[in-house]
Amino acid sequence: EEPALLFADVPPLGHPFDVPPPLAASLTAADVCLWVDPLDGTKEFVMGNLASVSVLIGVALRDRPVAGVILQPFVGGAGGEVTYGAVGVGVFRDGVAVGAGAGPVVVEDVAYAPHAGTGGHDPVEQVVGVGGPPDTVVAMSGRHADDGGRLAVALGRIDPAPRVLPLNACGNKMLRVIRGEASAHLQGPGASRWDTCAGEALLLALGGVVTSLDGVPYQYTQDACYDNADGFVASMKPEVHSRLLEALRKR
């Protein structure tokens, strides 16, 4: 069957945009690699926490992220909710620009309560606000917030201590930073390049920073190591990123 026919029922993006000529000229097959996670948040999917599940599509150009799509298929209308963008273009949420230059944005800040004995989380409260929170909100796995590990120790070195937004699924946590609901996402070893490529591209498009816990950017190279073995920090503001890296460096 022809590829075009296979996707005939797939609706186009609600906000088509022009790719900048320099970027378009660079998009050759030899230099481009797609990093796809068709089901980010597998455990959340099994547990029924469908709002945490997403489909991640990242585009890397010469080993660095340049564009990304994060689809939340179980959020919003029948087609889900999609956040997409590219470096030099911007970031859009269902066709509406998001980010520092897009004006006040109404976001949802959801508190999560743990499932007894499962490590998962259920939304228990929803508060709608305007704009982003102060630079003291860190999205991370709740089990690492006070486990005495490197991430917990680093957060304890920051004064005043950041507020932890306990969440699961990498794409879900990246979205919180992209949308201004958290100032950073801390992740220990365990994620892979397909977990971070889309989110990193979107953060870079908004002026954010993503590195390993040691401050080294990851390379998205085909047929190379796919593990983010040194964890990562994803921040909207460079100054927040620097503060977190400083806390992580102290031994």
# chains A, B, ... in the order shown; residues from 1 in each chain; ligands from 1
>>> residues_around(residues="region 142-144 of chain A", least_positions_apart="2", cutoff="6 Å", atoms="only C-alpha atoms", output="VMD selection string")
chain A and resid 146 to 147 166
>>> residues_around(residues="Ser52 (chain A)", least_positions_apart="4", cutoff="7 Å", atoms="only C-alpha atoms", output="number ranges by chain")
A: 41, 44, 169, 172
>>> atom_distance(atom1="CA of Leu213 (chain A)", atom2="CA of Val36 (chain A)")
23.0 Å
>>> closest_residue(among="A:Ala152, A:Ala205, A:Val137, A:Met47", to="His185 (chain A)", atoms="only C-alpha atoms")
A:Val137
>>> residues_around(residues="Ala201 (chain A)", least_positions_apart="5", cutoff="7 Å", atoms="only C-alpha atoms", output="PyMOL selection string")
chain A and resi 65-68+86-87
>>> atom_distance(atom1="CA of Ser242 (chain A)", atom2="CA of Ala229 (chain A)")
20.2 Å
>>> residues_around(residues="Lys237 (chain A)", least_positions_apart="2", cutoff="9 Å", atoms="only C-alpha atoms", output="PDB file with N, CA and C atoms, in the first residue's frame")
ATOM      1  N   ASP A 135      11.536  29.854  40.142  1.00  0.00           N
ATOM      2  CA  ASP A 135      12.578  28.906  39.732  1.00  0.00           C
ATOM      3  C   ASP A 135      12.952  27.946  40.850  1.00  0.00           C
ATOM      4  N   SER A 183      10.566  24.550  36.614  1.00  0.00           N
ATOM      5  CA  SER A 183      11.733  25.257  36.093  1.00  0.00           C
ATOM      6  C   SER A 183      12.810  24.310  35.613  1.00  0.00           C
ATOM      7  N   ALA A 184      12.753  23.046  36.057  1.00  0.00           N
ATOM      8  CA  ALA A 184      13.779  22.082  35.648  1.00  0.00           C
ATOM      9  C   ALA A 184      13.254  20.659  35.812  1.00  0.00           C
ATOM     10  N   GLY A 207      15.126  28.494  24.255  1.00  0.00           N
ATOM     11  CA  GLY A 207      16.268  29.069  24.956  1.00  0.00           C
ATOM     12  C   GLY A 207      16.702  28.290  26.171  1.00  0.00           C
ATOM     13  N   GLY A 208      16.203  27.072  26.333  1.00  0.00           N
ATOM     14  CA  GLY A 208      16.558  26.254  27.479  1.00  0.00           C
ATOM     15  C   GLY A 208      17.856  25.497  27.283  1.00  0.00           C
ATOM     16  N   VAL A 209      18.197  24.685  28.287  1.00  0.00           N
ATOM     17  CA  VAL A 209      19.460  23.951  28.294  1.00  0.00           C
ATOM     18  C   VAL A 209      19.200  22.528  28.776  1.00  0.00           C
ATOM     19  N   SER A 235      16.532  22.408  31.817  1.00  0.00           N
ATOM     20  CA  SER A 235      16.090  23.651  32.456  1.00  0.00           C
ATOM     21  C   SER A 235      15.646  24.655  31.404  1.00  0.00           C
ATOM     22  N   GLU A 239      20.428  30.177  34.002  1.00  0.00           N
ATOM     23  CA  GLU A 239      20.896  30.439  35.360  1.00  0.00           C
ATOM     24  C   GLU A 239      20.419  29.354  36.330  1.00  0.00           C
ATOM     25  N   VAL A 240      19.212  28.847  36.118  1.00  0.00           N
ATOM     26  CA  VAL A 240      18.720  27.742  36.946  1.00  0.00           C
ATOM     27  C   VAL A 240      19.548  26.490  36.676  1.00  0.00           C
ATOM     28  N   HIS A 241      19.848  26.261  35.419  1.00  0.00           N
ATOM     29  CA  HIS A 241      20.657  25.106  35.039  1.00  0.00           C
ATOM     30  C   HIS A 241      22.023  25.159  35.717  1.00  0.00           C
ATOM     31  N   SER A 242      22.643  26.324  35.702  1.00  0.00           N
ATOM     32  CA  SER A 242      23.962  26.474  36.326  1.00  0.00           C
ATOM     33  C   SER A 242      23.904  26.225  37.826  1.00  0.00           C
TER      34      SER A 242
END
>>> residues_around(residues="region 155-164 of chain A", least_positions_apart="4", cutoff="6 Å", atoms="only C-alpha atoms", output="list in words")
Thr136, Val137, Val138 and Ala139 of chain A
